[in-house]
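Take a look at the structure below.
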Amino acid sequence: LVDPKVHHGEEIPEDEWRHLLLVYDVSPSMMLKDAGVNGDQTRHERARELLDSVFDRIGIGKFKVSVIATYNGAMPVVEDTKDLDVVRHLLSQVDLRFGFKSGSTRLFDGIAEAARIAKPWRVGSALMVIVSDGDSVPATGMPALPPSIGGTLVIGVGDNLAGKFIAGHQSKQDESALRQTAIRLGGEFH
């Protein structure tokens, strides 16, 4: 006999949304199996696991998420989604490396694309998370970040001691290059 009521979740005003920019390395070296606690996961699988942990820790419900795939260039895959299931599906079910031609990884292209996307956002409203094995990070040419990016987290995946052979060279997590990238961006490396 009581009229039904619709209960809505708490609406977040547009000016209170935060942004998460995920620069995700999709190069073939991310498919090498040398990651995780026991070294029995691919770098890609370990990256997904670590990103789920990041999502749980930052209160992802107040973030709009943008994913930039990077390999031998950069490609925005999704921009400003509030649907975390879309992001999880991209990271677990879609092999994004086939959107690129073969070549060496250009991580800085992904950072430059993230900076382009973030440029119009309000100051300090974005967190940039970079996930890579750092297999080929250049020593120069760091893109400038807009003021909207208030923090940067660089996550390294893969074994940093023993490499795996791929594309004519030994590939391993280049901890030094990734740490240097984080420092140059004013962020943290893990």
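Labels for the structure tokens follow display order: chains A, B, ..., residues from 1 in each chain, ligands from 1.
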
Problem - Residues near stretch 94-100 of chain A, cut-off 10 Å, only C-alpha atoms, skip fewer than 4 positions along chain, as number ranges by chain - result: A: 24-28, 30, 69-75, 77, 88-90

For A:Pro76, find every residue with an atom within 8 Å (counting only C-alpha atoms), except residues of its own chain fewer than 3 positions away, and show them as a compact mmCIF listing (two decimals) with C-alpha atoms, in the first residue's frame.
```
# COMPACT_ATOMS: atom_id res chain seq x y z
CA SER A 66 41.24 7.52 -18.54
CA VAL A 67 43.41 4.73 -20.00
CA ILE A 68 46.23 5.47 -22.42
CA ALA A 69 47.80 2.39 -24.01
CA GLU A 79 38.56 8.83 -21.43
CA GLU A 113 49.17 11.92 -24.43
```

Fill in the blank from the handout: re atom CA of A:Gly168 and atom CA of A:Thr140: distance 23.5 Å

Give one line per residue of stretch 144-179 of chain A that approaches stretch 120-129 of chain A to at most 8 Å, naming the two atoms of the closest pair and their distance in Å to one decimal, counting only C-alpha atoms; sort by chain then ascending residue number and deliver it as a tab-separated table.
```
residue	atom	partner	partner_atom	distance
A:Pro147	CA	A:Val123	CA	5.2
A:Ser148	CA	A:Val123	CA	3.9
A:Ile149	CA	A:Ala126	CA	4.5
A:Gly150	CA	A:Gly124	CA	4.0
A:Gly151	CA	A:Leu127	CA	4.9
A:Thr152	CA	A:Met128	CA	4.7
A:Leu153	CA	A:Val129	CA	4.8
A:Val154	CA	A:Val129	CA	5.8
A:Ile155	CA	A:Val129	CA	7.4
```

Please save N, CA, C and O atoms of the selected residues as a compact mmCIF listing (two decimals), in the first residue's frame.
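The file below, result.txt, is the result:
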```
# COMPACT_ATOMS: atom_id res chain seq x y z
N PRO A 147 49.46 21.66 -14.92
CA PRO A 147 49.21 21.81 -13.48
C PRO A 147 48.07 20.94 -12.96
O PRO A 147 47.96 20.72 -11.76
N SER A 148 47.24 20.42 -13.84
CA SER A 148 46.13 19.58 -13.41
C SER A 148 46.60 18.25 -12.82
O SER A 148 45.90 17.64 -12.01
N ILE A 149 47.79 17.79 -13.20
CA ILE A 149 48.32 16.53 -12.67
C ILE A 149 49.02 16.83 -11.35
O ILE A 149 50.10 17.39 -11.30
N GLY A 150 48.35 16.43 -10.27
CA GLY A 150 48.83 16.74 -8.93
C GLY A 150 49.72 15.67 -8.33
O GLY A 150 50.31 15.87 -7.28
N GLY A 151 49.81 14.52 -8.96
CA GLY A 151 50.65 13.45 -8.43
C GLY A 151 50.91 12.40 -9.49
O GLY A 151 50.11 12.22 -10.40
N THR A 152 52.04 11.72 -9.35
CA THR A 152 52.42 10.68 -10.30
C THR A 152 52.93 9.47 -9.52
O THR A 152 53.72 9.60 -8.58
N LEU A 153 52.47 8.30 -9.94
CA LEU A 153 52.92 7.04 -9.38
C LEU A 153 53.40 6.17 -10.52
O LEU A 153 52.67 5.95 -11.49
N VAL A 154 54.65 5.71 -10.45
CA VAL A 154 55.22 4.83 -11.46
C VAL A 154 55.34 3.44 -10.83
O VAL A 154 55.96 3.29 -9.78
N ILE A 155 54.72 2.46 -11.48
CA ILE A 155 54.73 1.08 -10.97
C ILE A 155 55.53 0.22 -11.94
O ILE A 155 55.20 0.13 -13.13
```

Exercise for the section: Using only C-alpha atoms, find the one residue out of A:Arg106, A:Arg179, A:Arg184, A:Arg116 that sits nearest to A:Met142. Expected result: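 Comparing A:Arg106, A:Arg179, A:Arg184, A:Arg116 against A:Met142, the winner is A:Arg184.
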
Handout entry: Point-to-point distance from atom CA of A:Ile12 to atom CA of A:Val54, Å rounded to tenths
Key =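 Here the two named atoms are 21.0 Å from each other.
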
Handout entry: Distance criterion (only C-alpha atoms): nearest to A:Ala162 out of A:Ala35, A:Val137, A:Val87, A:Ile130
Key =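 Result for the nearest residue to A:Ala162: A:Ala35.
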
Exercise for the section: Considering only C-alpha atoms, state which residue in the set A:Val23, A:Glu175, A:Pro146, A:Asp83 is at the smallest distance from A:Lys119. Expected result: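 Once distances to A:Lys119 are computed over only C-alpha atoms, the minimum belongs to A:Pro146.
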
Problem - Those of stretch 4-126 of chain A in DSSP helix (DSSP H, G or I), formatted as number ranges by chain - result: A: 14-16, 28-31, 43-58, 60-62, 84-93, 96-99, 107-118

Practice task
Mind giving me the straight-line distance from atom CA of A:Pro138 to atom CA of A:Leu32 in Å, one decimal?
Solution key: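 Value for the atom CA of A:Pro138-atom CA of A:Leu32 distance: 21.2 Å.
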